[in-house]
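Trainee: So here's structure.csv (CSV, C-alpha atoms).
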chain,number,residue,atom,x,y,z
Q,1,MET,CA,84.1,114.5,107.7
Q,2,ASN,CA,83.0,112.7,110.9
Q,3,HIS,CA,84.4,109.2,110.7
Q,4,TRP,CA,82.5,107.7,113.7
Q,5,PRO,CA,79.2,106.9,111.9
Q,6,PHE,CA,81.1,104.8,109.4
Q,7,ILE,CA,83.1,103.1,112.2
Q,8,ILE,CA,80.0,102.3,114.2
Q,9,GLY,CA,78.3,101.1,111.1
Q,10,ALA,CA,81.2,98.8,110.2
Q,11,TYR,CA,81.4,97.3,113.7
Q,12,ALA,CA,77.6,96.8,113.8
Q,13,VAL,CA,77.6,95.0,110.5
Q,14,ALA,CA,80.5,92.7,111.5
Q,15,LEU,CA,79.3,91.9,115.1
Q,16,LEU,CA,75.6,91.4,114.2
Q,17,ALA,CA,76.4,89.2,111.2
Q,18,THR,CA,78.9,87.1,113.3
Q,19,LEU,CA,76.4,86.9,116.2
Q,20,ALA,CA,73.6,85.8,113.8
Q,21,LEU,CA,75.8,83.2,112.3
Q,22,VAL,CA,76.9,81.8,115.7
Q,23,LEU,CA,73.3,81.7,116.9
Q,24,ARG,CA,71.9,80.0,113.8
Q,25,SER,CA,74.7,77.4,113.7
Q,26,TRP,CA,74.1,76.7,117.4
Q,27,VAL,CA,70.3,76.3,117.0
Q,28,GLU,CA,70.7,74.0,113.9
Q,29,MET,CA,73.3,71.9,115.8
Q,30,ARG,CA,71.1,71.6,118.9
Q,31,ARG,CA,68.0,70.7,116.8
Q,32,ALA,CA,69.8,68.1,114.7
Q,33,GLU,CA,71.4,66.5,117.7
Q,34,ALA,CA,68.1,66.5,119.6
Q,35,ASP,CA,66.4,64.8,116.6
Q,36,LEU,CA,69.1,62.1,116.6
Q,37,GLU,CA,68.7,61.6,120.4
Q,38,GLY,CA,65.0,61.3,119.9
Q,39,LEU,CA,65.4,58.6,117.3
Q,40,LYS,CA,67.8,56.6,119.5
Q,41,ARG,CA,65.3,56.4,122.3
L,1,MET,CA,94.3,64.6,109.8
L,2,HIS,CA,93.7,60.9,108.9
L,3,ILE,CA,92.9,60.1,112.6
L,4,LEU,CA,90.1,62.7,112.5
L,5,ALA,CA,88.6,61.2,109.4
L,6,ASN,CA,86.7,58.8,111.7
L,7,PRO,CA,83.4,60.6,112.5
L,8,ALA,CA,83.1,59.0,116.0
L,9,ARG,CA,86.6,60.1,116.9
L,10,PHE,CA,86.0,63.5,115.4
L,11,LEU,CA,82.8,64.0,117.4
L,12,LYS,CA,84.5,63.0,120.7
L,13,LEU,CA,87.0,65.8,120.1
L,14,ALA,CA,84.6,68.3,118.5
L,15,ARG,CA,82.0,68.3,121.4
L,16,PRO,CA,84.3,70.0,124.1
L,17,LEU,CA,86.2,72.0,121.5
L,18,THR,CA,83.1,73.7,120.1
L,19,ALA,CA,82.4,75.4,123.5
L,20,TRP,CA,86.1,76.2,124.1
L,21,LEU,CA,86.6,77.8,120.7
L,22,GLY,CA,83.3,79.7,121.0
L,23,TRP,CA,83.8,81.2,124.4
L,24,ALA,CA,87.6,82.0,123.9
L,25,GLY,CA,86.7,83.6,120.5
L,26,ALA,CA,84.0,85.8,122.0
L,27,LEU,CA,86.3,86.9,124.8
L,28,VAL,CA,89.4,87.6,122.6
L,29,THR,CA,87.2,89.4,120.0
L,30,ALA,CA,85.5,91.6,122.6
L,31,VAL,CA,88.8,92.6,124.2
L,32,ALA,CA,90.6,93.2,120.9
L,33,LEU,CA,87.7,95.3,119.4
L,34,ALA,CA,87.5,97.3,122.6
L,35,ILE,CA,91.2,98.1,122.3
L,36,GLY,CA,90.8,98.8,118.6
L,37,LEU,CA,88.0,101.2,119.3
L,38,LEU,CA,89.1,102.9,122.5
L,39,VAL,CA,92.9,102.5,123.0
L,40,ALA,CA,94.7,102.0,119.7
L,41,PRO,CA,95.9,105.3,118.1
L,42,LYS,CA,94.3,106.9,115.1
L,43,ASP,CA,96.2,106.9,111.8
L,44,TYR,CA,98.1,110.1,110.8
L,45,LEU,CA,96.5,110.0,107.3
L,46,GLN,CA,93.2,108.1,107.7
L,47,GLY,CA,92.3,109.4,111.2
L,48,ASP,CA,89.8,107.4,113.2
L,49,SER,CA,88.5,105.5,110.2
L,50,VAL,CA,91.5,103.2,110.5
L,51,ARG,CA,89.7,101.5,113.4
L,52,ILE,CA,87.5,99.8,110.8
L,53,MET,CA,90.6,97.7,110.0
L,54,TYR,CA,90.1,95.6,113.2
L,55,VAL,CA,86.9,94.1,111.7
L,56,HIS,CA,87.6,94.4,108.0
L,57,VAL,CA,91.0,92.7,107.8
L,58,PRO,CA,90.0,89.6,109.9
L,59,ALA,CA,86.9,89.2,107.8
L,60,ALA,CA,89.1,89.4,104.6
L,61,TRP,CA,91.6,86.8,106.0
L,62,LEU,CA,88.8,84.4,107.0
L,63,ALA,CA,87.0,84.7,103.7
L,64,MET,CA,90.2,83.8,101.9
L,65,GLY,CA,91.3,81.2,104.5
L,66,GLY,CA,87.8,79.7,104.3
L,67,TRP,CA,88.1,79.0,100.6
L,68,THR,CA,91.6,77.6,101.1
L,69,GLY,CA,90.1,75.3,103.7
L,70,ILE,CA,87.4,74.2,101.2
L,71,ALA,CA,90.1,73.6,98.6
L,72,VAL,CA,92.2,71.4,101.0
L,73,ALA,CA,89.1,69.5,102.2
L,74,SER,CA,88.0,69.0,98.5
L,75,LEU,CA,91.4,67.6,97.6
L,76,MET,CA,91.2,65.2,100.6
L,77,GLN,CA,87.7,64.2,99.5
L,78,LEU,CA,88.8,63.5,95.9
L,79,VAL,CA,92.1,61.8,96.6
L,80,TRP,CA,91.7,60.0,99.9
L,81,ARG,CA,87.9,59.9,100.1
L,82,HIS,CA,87.8,61.0,103.7
L,83,PRO,CA,84.2,60.7,104.9
L,84,LEU,CA,84.6,64.0,106.9
L,85,ALA,CA,86.3,66.1,104.2
L,86,GLY,CA,83.2,66.8,102.2
L,87,VAL,CA,81.3,67.6,105.4
L,88,ALA,CA,84.1,70.0,106.5
L,89,ALA,CA,84.1,71.8,103.1
L,90,ARG,CA,80.3,72.3,103.1
L,91,ALA,CA,80.4,73.5,106.7
L,92,ILE,CA,83.0,76.2,105.8
L,93,ALA,CA,81.0,77.5,102.9
L,94,VAL,CA,78.2,79.6,104.6
L,95,PRO,CA,80.5,81.2,107.2
L,96,GLY,CA,83.0,81.9,104.4
L,97,ALA,CA,80.3,83.7,102.4
L,98,VAL,CA,79.2,85.7,105.5
L,99,PHE,CA,82.8,86.8,106.2
L,100,SER,CA,83.2,87.8,102.5
L,101,ALA,CA,80.1,89.9,102.8
L,102,ILE,CA,81.3,91.5,106.0
L,103,CYS,CA,84.7,92.2,104.3
L,104,LEU,CA,82.9,93.9,101.4
L,105,ALA,CA,80.5,95.9,103.6
L,106,THR,CA,83.1,97.1,106.1
L,107,GLY,CA,85.5,97.9,103.3
L,108,SER,CA,82.8,100.0,101.6
L,109,LEU,CA,82.2,101.8,104.8
L,110,TRP,CA,86.0,102.4,105.2
L,111,GLY,CA,86.3,103.5,101.6
L,112,ARG,CA,83.8,106.4,101.8
L,113,PRO,CA,85.7,108.6,104.4
L,114,THR,CA,89.2,107.6,103.1
L,115,TRP,CA,88.8,107.4,99.3
L,116,GLY,CA,85.5,109.4,98.9
L,117,THR,CA,83.6,106.5,97.4
L,118,TYR,CA,81.8,103.4,98.7
L,119,TRP,CA,82.8,101.3,95.7
L,120,GLU,CA,85.4,101.1,92.9
L,121,TRP,CA,85.8,98.3,90.3
L,122,ASP,CA,89.4,97.8,91.1
L,123,GLY,CA,91.3,94.5,91.3
L,124,ARG,CA,91.1,93.8,95.0
L,125,MET,CA,87.4,94.8,95.5
L,126,THR,CA,86.3,93.0,92.3
L,127,SER,CA,88.2,89.8,93.1
L,128,MET,CA,86.7,89.8,96.6
L,129,LEU,CA,83.2,90.2,95.2
L,130,VAL,CA,84.0,87.3,92.9
L,131,LEU,CA,84.9,85.2,96.0
L,132,LEU,CA,81.5,86.0,97.5
L,133,PHE,CA,79.8,84.8,94.3
L,134,LEU,CA,81.9,81.7,94.3
L,135,TYR,CA,80.8,80.9,97.9
L,136,ILE,CA,77.1,81.5,96.9
L,137,GLY,CA,77.6,79.2,93.9
L,138,TYR,CA,79.3,76.6,96.0
L,139,VAL,CA,76.4,76.5,98.6
L,140,ALA,CA,73.8,76.2,95.8
L,141,LEU,CA,75.8,73.5,94.0
L,142,ALA,CA,76.3,71.5,97.3
L,143,ASP,CA,72.6,71.8,98.2
L,144,ALA,CA,71.5,70.6,94.7
L,145,ASP,CA,74.0,67.7,94.8
L,146,ARG,CA,72.8,66.6,98.2
L,147,GLU,CA,69.1,66.7,97.1
L,148,ARG,CA,70.1,64.5,94.1
L,149,GLY,CA,71.9,62.1,96.4
L,150,GLY,CA,75.3,62.8,94.7
L,151,GLU,CA,78.7,61.8,96.1
L,152,GLY,CA,79.9,65.5,96.1
L,153,ARG,CA,82.6,65.0,93.5
L,154,VAL,CA,81.4,67.9,91.3
L,155,VAL,CA,81.2,70.1,94.4
L,156,ALA,CA,84.7,69.1,95.4
L,157,ILE,CA,86.0,69.9,91.9
L,158,PHE,CA,84.3,73.3,92.0
L,159,GLY,CA,85.9,73.9,95.4
L,160,LEU,CA,89.4,73.1,94.0
L,161,LEU,CA,88.9,75.3,90.8
L,162,GLY,CA,87.6,78.2,92.9
L,163,ALA,CA,90.9,78.4,94.7
L,164,ILE,CA,92.4,80.0,91.6
L,165,ASN,CA,90.8,83.2,92.9
L,166,ILE,CA,92.8,83.2,96.2
L,167,PRO,CA,96.2,84.2,94.7
L,168,ILE,CA,94.4,86.7,92.4
L,169,ILE,CA,92.9,88.4,95.5
L,170,ARG,CA,96.3,88.2,97.4
L,171,PHE,CA,98.4,89.7,94.5
L,172,SER,CA,95.7,92.0,93.0
L,173,VAL,CA,97.3,95.0,94.7
L,174,GLU,CA,100.7,94.2,93.1
L,175,TRP,CA,99.5,93.1,89.7
L,176,TRP,CA,97.1,96.1,89.1
L,177,ASN,CA,97.3,99.8,90.0
L,178,THR,CA,94.5,99.7,92.5
L,179,LEU,CA,92.8,102.2,94.9
L,180,HIS,CA,93.2,99.6,97.6
L,181,GLN,CA,96.4,99.9,99.7
L,182,GLY,CA,99.1,97.2,99.4
L,183,GLN,CA,100.0,94.6,102.0
L,184,SER,CA,100.7,96.1,105.4
L,185,ILE,CA,101.5,92.9,107.2
L,186,SER,CA,103.8,90.2,106.0
L,187,PHE,CA,104.2,86.7,107.5
L,188,THR,CA,107.0,85.7,105.0
L,189,GLY,CA,109.8,88.0,106.2
L,190,GLY,CA,108.9,91.0,104.1
L,191,GLY,CA,108.4,93.2,107.1
L,192,SER,CA,105.2,95.0,108.3
L,193,SER,CA,104.6,98.7,107.6
L,194,ILE,CA,102.0,98.9,110.3
L,195,ASP,CA,103.0,100.2,113.8
L,196,ALA,CA,103.0,97.7,116.7
L,197,SER,CA,100.4,99.8,118.6
L,198,MET,CA,97.9,98.9,115.7
L,199,ARG,CA,99.4,95.5,114.7
L,200,TRP,CA,98.8,93.7,118.1
L,201,PRO,CA,95.0,94.6,118.4
L,202,LEU,CA,94.7,93.6,114.7
L,203,LEU,CA,96.4,90.2,115.3
L,204,ALA,CA,94.2,89.8,118.5
L,205,SER,CA,91.0,90.5,116.7
L,206,SER,CA,92.0,88.2,113.8
L,207,LEU,CA,92.7,85.4,116.4
L,208,GLY,CA,89.3,86.1,118.1
L,209,PHE,CA,87.3,86.0,114.8
L,210,SER,CA,89.3,82.9,113.8
L,211,LEU,CA,88.3,81.1,117.0
L,212,LEU,CA,84.7,82.0,116.4
L,213,PHE,CA,84.9,80.8,112.8
L,214,GLY,CA,86.3,77.5,114.1
L,215,ALA,CA,83.4,77.1,116.5
L,216,ILE,CA,80.9,77.9,113.8
L,217,VAL,CA,82.4,75.3,111.4
L,218,LEU,CA,82.4,72.7,114.2
L,219,MET,CA,78.8,73.4,115.0
L,220,ARG,CA,77.8,73.1,111.4
L,221,MET,CA,79.7,69.9,111.0
L,222,ARG,CA,78.1,68.4,114.0
L,223,ALA,CA,74.6,69.4,112.7
L,224,MET,CA,75.4,67.8,109.3
L,225,LEU,CA,76.7,64.6,110.8
L,226,ALA,CA,73.6,64.3,113.1
L,227,ARG,CA,71.3,65.0,110.1
L,228,GLN,CA,73.1,62.3,108.0
L,229,LYS,CA,72.6,59.8,110.8
L,230,VAL,CA,68.9,60.7,111.2
L,231,GLU,CA,68.4,60.3,107.4
L,232,ALA,CA,70.2,56.9,107.4
L,233,ARG,CA,68.1,55.6,110.3
L,234,MET,CA,64.9,56.8,108.6
L,235,ARG,CA,65.9,55.0,105.4
L,236,ARG,CA,66.6,51.8,107.4
L,237,LEU,CA,63.2,52.1,109.2
L,238,SER,CA,61.3,52.6,106.0
L,239,ALA,CA,63.1,49.8,104.1
As structure tokens, how would this structure be written, given the file I've shared?
Mentor:
Amino acid sequence: MNHWPFIIGAYAVALLATLALVLRSWVEMRRAEADLEGLKR
Amino acid sequence: MHILANPARFLKLARPLTAWLGWAGALVTAVALAIGLLVAPKDYLQGDSVRIMYVHVPAAWLAMGGWTGIAVASLMQLVWRHPLAGVAARAIAVPGAVFSAICLATGSLWGRPTWGTYWEWDGRMTSMLVLLFLYIGYVALADADRERGGEGRVVAIFGLLGAINIPIIRFSVEWWNTLHQGQSISFTGGGSSIDASMRWPLLASSLGFSLLFGAIVLMRMRAMLARQKVEARMRRLSA
């Protein structure tokens, strides 16, 4: 059995999920901190 | 830990630390996974599929470490009423759930070429699936509690009780006759059965993913603190 499709699938799942989590967390943080700054002004 | 319980002091430290953890984590993870994919040797029994270990094992450690963090923060919230403890626990929950799901998905993809099946209801896999359900339950409970304006005590108690599953996951491969292999790495002096040529890339990828996990938790904590301040100001303005 060729193992590489499983290896590529596993790396794709791990990297895409981690990247999506980082990006979503970053966007939420920026948005929340911008809202707070907007209120302070 | 008590020093960081002050949100202003925490934010002063968290702002530069978020970027440092994020970039260092991305760099270490990229190098470690490149070594794991292209340089590290294949296993004499499992062949190339062992390379899945470099994403699967860090995800498993972070899923378990995440709930341990929730339990510690919940205890601090209940005993010392630290203002940041509840925020920290809630910030860990979503990344913990995502890493549990990564662990299950990559483990399933590793299982097919090595065991001949994507899934088996054995002790390790079932207890890890229970951990994912605990995370989902925690997120739902925390959201419901926040909407009701609760103090988060029920959520903290749930976080503490859920920690019972962590030793079950850890010792499942010893307590039951499972398809999953036993511990290959020991940090308590039991010795590691994994060769150094595979152990170092594994420890490096674990470090890289851990740094990224730390950056994600800090970003989520900063977002929650900013939202809390906005809500408090809006309440004051409308009063």
Trainee: Using all atoms listed in the file, which residues sit within 10 Å of Ser172 in chain L once same-chain residues fewer than 3 positions away are excluded, as a count of residues only?
Mentor: 17
Trainee: Each residue of chain Q lying at most 6 Å from chain L should get a row with its shortest atom-to-atom pair and the distance in Å to one decimal, counting only C-alpha atoms; could you produce that, ordered by chain and increasing number, as CSV?
Mentor:
residue,atom,partner,partner_atom,distance
Q:His3,CA,L:Ser49,CA,5.5
Q:Phe6,CA,L:Leu109,CA,5.6
Q:Ile7,CA,L:Ile52,CA,5.7
Q:Ala10,CA,L:Thr106,CA,4.8
Q:Ala14,CA,L:Ile102,CA,5.7
Q:Val22,CA,L:Ile216,CA,5.9
Q:Ser25,CA,L:Arg220,CA,5.8
Q:Met29,CA,L:Ala223,CA,4.2
Q:Ala32,CA,L:Ala223,CA,5.4
Q:Glu33,CA,L:Ala226,CA,5.6
Q:Leu36,CA,L:Val230,CA,5.6
Trainee: Report, in Å with one decimal, the straight-line distance from CA of Leu129 in chain L to CA of Leu104 in chain L.
Mentor: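 Interatomic distance, CA of Leu129 in chain L to CA of Leu104 in chain L: 7.2 Å.
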Trainee: What gap, in Å, lies between CA of Lys40 in chain Q and CA of Ala239 in chain L?
Mentor: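 Computing the Euclidean distance for CA of Lys40 in chain Q and CA of Ala239 in chain L yields 17.5 Å.
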Trainee: What is the CA of Val28 in chain L-CA of Ala196 in chain L distance in Å, reported with one decimal?
Mentor: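 So the answer is 17.9 Å.
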Trainee: Find the residues near Arg90 in chain L: any atom within 12 Å, counting only C-alpha atoms, skip ones fewer than 4 places away on the same chain, and give them as an mmCIF file with C-alpha atoms, in the coordinates of the input.
Mentor:
data_model
loop_
_atom_site.group_PDB
_atom_site.id
_atom_site.type_symbol
_atom_site.label_atom_id
_atom_site.label_comp_id
_atom_site.auth_asym_id
_atom_site.auth_seq_id
_atom_site.Cartn_x
_atom_site.Cartn_y
_atom_site.Cartn_z
ATOM 1 C CA GLY L 66 87.800 79.700 104.300
ATOM 2 C CA TRP L 67 88.100 79.000 100.600
ATOM 3 C CA GLY L 69 90.100 75.300 103.700
ATOM 4 C CA ILE L 70 87.400 74.200 101.200
ATOM 5 C CA ALA L 71 90.100 73.600 98.600
ATOM 6 C CA ALA L 73 89.100 69.500 102.200
ATOM 7 C CA SER L 74 88.000 69.000 98.500
ATOM 8 C CA GLN L 77 87.700 64.200 99.500
ATOM 9 C CA LEU L 84 84.600 64.000 106.900
ATOM 10 C CA ALA L 85 86.300 66.100 104.200
ATOM 11 C CA GLY L 86 83.200 66.800 102.200
ATOM 12 C CA VAL L 94 78.200 79.600 104.600
ATOM 13 C CA PRO L 95 80.500 81.200 107.200
ATOM 14 C CA GLY L 96 83.000 81.900 104.400
ATOM 15 C CA ALA L 97 80.300 83.700 102.400
ATOM 16 C CA TYR L 135 80.800 80.900 97.900
ATOM 17 C CA ILE L 136 77.100 81.500 96.900
ATOM 18 C CA GLY L 137 77.600 79.200 93.900
ATOM 19 C CA TYR L 138 79.300 76.600 96.000
ATOM 20 C CA VAL L 139 76.400 76.500 98.600
ATOM 21 C CA ALA L 140 73.800 76.200 95.800
ATOM 22 C CA LEU L 141 75.800 73.500 94.000
ATOM 23 C CA ALA L 142 76.300 71.500 97.300
ATOM 24 C CA ASP L 143 72.600 71.800 98.200
ATOM 25 C CA ASP L 145 74.000 67.700 94.800
ATOM 26 C CA ARG L 146 72.800 66.600 98.200
ATOM 27 C CA GLY L 152 79.900 65.500 96.100
ATOM 28 C CA VAL L 155 81.200 70.100 94.400
ATOM 29 C CA ALA L 156 84.700 69.100 95.400
ATOM 30 C CA PHE L 158 84.300 73.300 92.000
ATOM 31 C CA GLY L 159 85.900 73.900 95.400
ATOM 32 C CA VAL L 217 82.400 75.300 111.400
ATOM 33 C CA LEU L 218 82.400 72.700 114.200
ATOM 34 C CA ARG L 220 77.800 73.100 111.400
ATOM 35 C CA MET L 221 79.700 69.900 111.000
ATOM 36 C CA ARG L 222 78.100 68.400 114.000
ATOM 37 C CA ALA L 223 74.600 69.400 112.700
ATOM 38 C CA MET L 224 75.400 67.800 109.300
ATOM 39 C CA LEU L 225 76.700 64.600 110.800
#
